[in-house]
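To start, the structure under review is shown below, and the notes come after it.
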Amino acid sequence: MLKLLGKIIRIGVVTEPPPVADAEAMERLGIEVQRVLDRRFSGSLAIRHVDAGSCNGCELEIHALNNPYYDVERFGVHFVASPRHADCLLVTGPVSRNMEAALRRTWEACPDPKLVIASGDCACNGGEFGVSYASCGAVENVIPVDVRIPGCPPTPGQLLTGLLALFGKMEEERIVARDS
């Protein structure tokens, strides 16, 4: 044990400090998300994440949203285990044939209005896998998609920007429905 402590003291901190500009940009994005959530969703957004067959690169970035550095829960964004409690679905990966029925059932279990975000290149357009005997390709081939967040994988900042795009689309649809 003393040998390990000596090594820790000798080597010191080996991580680099977080980029300050990135932290400030994320803070601004988070505050904007929180402002919209307060107005549109009574301060809280529940997201059900569905991995439809991804390589887990997108999942790492989604999980980073919940770590102490990004901490999206302080802005009112929560991930839930049940689609019945979700305000929107966040789907990653190309939809494998084995996940097609499960994704459809999850989407049907969500309350109206059904909001879907396709996250990552594979979810947006099938990525490297496309449509094949084992893959349905993009999420929109199985369920309707409201917002696409490209990237392989999309960064936490891009994910928050995608949420803002979803809110913007919802606002446009509400205005169109009201004017009709």
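Each chain in the structure tokens gets a letter, A, B and so on, in the order shown; residues start at 1 in every chain, and ligands are counted from 1 in the order they appear.
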All residues 9 Å or closer to Gly30 in chain A, only C-alpha atoms, same chain fewer than 5 positions away omitted, as a list in words: Ala25, Arg35, Tyr70, Val72, Arg74, Phe75 and Leu160 of chain A
Alpha helix (DSSP H) per DSSP on the backbone: members of range 22-114 of chain A, as a ChimeraX atom specification: /A:22-40,57-65,97-109
If you keep C-alpha atoms, can you produce a file of those selected residues as a tab-separated table (two decimals), in the first residue's frame?
chain	number	residue	atom	x	y	z
A	22	ASP	CA	-16.00	24.05	-24.00
A	23	ALA	CA	-17.25	24.25	-20.42
A	24	GLU	CA	-18.65	27.74	-20.99
A	25	ALA	CA	-20.34	26.69	-24.24
A	26	MET	CA	-21.90	23.65	-22.55
A	27	GLU	CA	-23.12	25.82	-19.68
A	28	ARG	CA	-24.80	28.21	-22.13
A	29	LEU	CA	-26.38	25.29	-24.02
A	30	GLY	CA	-27.61	23.76	-20.78
A	31	ILE	CA	-29.13	27.03	-19.60
A	32	GLU	CA	-30.93	27.40	-22.94
A	33	VAL	CA	-32.25	23.82	-22.65
A	34	GLN	CA	-33.42	24.53	-19.10
A	35	ARG	CA	-35.16	27.73	-20.19
A	36	VAL	CA	-37.10	25.89	-22.89
A	37	LEU	CA	-37.89	22.98	-20.55
A	38	ASP	CA	-39.27	25.36	-17.95
A	39	ARG	CA	-41.62	26.84	-20.54
A	40	ARG	CA	-42.57	23.74	-22.54
A	57	GLY	CA	-19.86	4.78	-29.22
A	58	CYS	CA	-23.03	6.89	-29.01
A	59	GLU	CA	-23.88	5.37	-25.63
A	60	LEU	CA	-20.53	6.54	-24.22
A	61	GLU	CA	-21.36	10.12	-25.22
A	62	ILE	CA	-24.90	9.84	-23.86
A	63	HIS	CA	-23.56	8.52	-20.56
A	64	ALA	CA	-21.09	11.42	-20.53
A	65	LEU	CA	-24.10	13.76	-20.37
A	97	ARG	CA	-33.74	-7.09	-37.28
A	98	ASN	CA	-33.83	-8.50	-33.75
A	99	MET	CA	-34.56	-5.05	-32.27
A	100	GLU	CA	-37.15	-3.97	-34.85
A	101	ALA	CA	-40.20	-5.30	-32.96
A	102	ALA	CA	-38.84	-4.14	-29.57
A	103	LEU	CA	-38.27	-0.60	-30.90
A	104	ARG	CA	-41.75	-0.49	-32.38
A	105	ARG	CA	-43.30	-1.70	-29.09
A	106	THR	CA	-41.28	0.86	-27.13
A	107	TRP	CA	-42.46	3.63	-29.46
A	108	GLU	CA	-46.09	2.49	-29.12
A	109	ALA	CA	-45.76	2.46	-25.29
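For range 20-159 of chain A, a DSSP pass over the backbone yields strand (DSSP E or B) at Leu45, Ala46, Ile47, Arg48, His49, Val50, Asp51, Val77, His78, Phe79, Cys88, Leu89, Leu90, Val91, Thr92, Val95, Ser96, Val116, Ile117, Ala118, Ser119, Ser135, Cys136, Gly137, Val147, Arg148 and Ile149 of chain A.
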Expected file: the selected residues, N, CA and C atoms, as a compact mmCIF listing (two decimals), in the first residue's frame:
# COMPACT_ATOMS: atom_id res chain seq x y z
N LEU A 45 -37.58 17.08 -18.57
CA LEU A 45 -37.75 16.25 -19.77
C LEU A 45 -37.27 14.84 -19.45
N ALA A 46 -38.13 13.86 -19.65
CA ALA A 46 -37.78 12.46 -19.41
C ALA A 46 -37.47 11.80 -20.75
N ILE A 47 -36.28 11.24 -20.88
CA ILE A 47 -35.83 10.61 -22.12
C ILE A 47 -35.67 9.12 -21.90
N ARG A 48 -36.21 8.32 -22.80
CA ARG A 48 -35.98 6.87 -22.80
C ARG A 48 -34.98 6.59 -23.90
N HIS A 49 -33.82 6.08 -23.53
CA HIS A 49 -32.79 5.75 -24.51
C HIS A 49 -32.97 4.31 -24.97
N VAL A 50 -32.91 4.08 -26.28
CA VAL A 50 -33.01 2.74 -26.84
C VAL A 50 -31.79 2.50 -27.73
N ASP A 51 -31.02 1.48 -27.40
CA ASP A 51 -29.90 1.05 -28.23
C ASP A 51 -30.45 0.00 -29.19
N VAL A 77 -32.95 17.51 -17.54
CA VAL A 77 -33.01 16.38 -18.48
C VAL A 77 -32.72 15.10 -17.71
N HIS A 78 -33.67 14.15 -17.75
CA HIS A 78 -33.54 12.91 -17.00
C HIS A 78 -33.74 11.72 -17.94
N PHE A 79 -32.99 10.66 -17.70
CA PHE A 79 -33.17 9.43 -18.45
C PHE A 79 -34.00 8.48 -17.59
N CYS A 88 -39.73 11.63 -24.63
CA CYS A 88 -39.20 11.36 -25.96
C CYS A 88 -38.29 10.13 -25.93
N LEU A 89 -38.07 9.57 -27.12
CA LEU A 89 -37.16 8.44 -27.29
C LEU A 89 -35.88 8.94 -27.92
N LEU A 90 -34.75 8.46 -27.44
CA LEU A 90 -33.44 8.74 -28.02
C LEU A 90 -32.90 7.40 -28.50
N VAL A 91 -32.84 7.22 -29.82
CA VAL A 91 -32.48 5.93 -30.40
C VAL A 91 -31.10 6.02 -31.01
N THR A 92 -30.25 5.03 -30.72
CA THR A 92 -28.91 4.97 -31.28
C THR A 92 -28.74 3.68 -32.06
N VAL A 95 -31.07 -0.05 -36.75
CA VAL A 95 -32.04 -0.95 -36.13
C VAL A 95 -31.78 -2.37 -36.64
N SER A 96 -31.30 -3.22 -35.74
CA SER A 96 -31.08 -4.62 -36.12
C SER A 96 -32.43 -5.31 -36.27
N VAL A 116 -39.24 11.45 -31.26
CA VAL A 116 -38.13 10.52 -31.47
C VAL A 116 -36.91 11.28 -31.98
N ILE A 117 -35.76 11.00 -31.34
CA ILE A 117 -34.48 11.56 -31.78
C ILE A 117 -33.61 10.41 -32.24
N ALA A 118 -33.10 10.49 -33.46
CA ALA A 118 -32.13 9.51 -33.97
C ALA A 118 -30.75 10.09 -33.74
N SER A 119 -29.93 9.42 -32.93
CA SER A 119 -28.64 9.94 -32.54
C SER A 119 -27.51 9.12 -33.15
N SER A 135 -30.00 -5.94 -40.70
CA SER A 135 -30.24 -4.57 -40.28
C SER A 135 -31.35 -3.92 -41.09
N CYS A 136 -32.22 -3.19 -40.40
CA CYS A 136 -33.27 -2.40 -41.07
C CYS A 136 -32.72 -1.05 -41.52
N GLY A 137 -31.51 -0.72 -41.09
CA GLY A 137 -30.90 0.55 -41.44
C GLY A 137 -31.30 1.65 -40.47
N VAL A 147 -36.12 14.38 -35.07
CA VAL A 147 -34.83 15.08 -35.16
C VAL A 147 -33.72 14.07 -35.36
N ARG A 148 -32.77 14.41 -36.24
CA ARG A 148 -31.59 13.59 -36.46
C ARG A 148 -30.36 14.34 -35.96
N ILE A 149 -29.52 13.64 -35.18
CA ILE A 149 -28.28 14.23 -34.68
C ILE A 149 -27.13 13.44 -35.31
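Near Ala123 in chain A, within 6 Å and counting only C-alpha atoms, sit A:Thr92, A:Gly93, A:Pro94, A:Ala118, A:Ser119, A:Gly120, A:Asp121, A:Asn125, A:Gly126, A:Ala138, A:Val139, not including residues fewer than 2 positions from it in the same chain.
Closest approach to Asp87 in chain A among A:Cys110, A:Leu4, A:Cys122, A:Val145: A:Cys110, based on only C-alpha atoms.
For the atom pair formed by CA of His85 in chain A and CA of Pro111 in chain A, the distance is 7.8 Å, given to one decimal.
Note that CA of Ser132 in chain A and CA of Pro150 in chain A are 21.0 Å apart.
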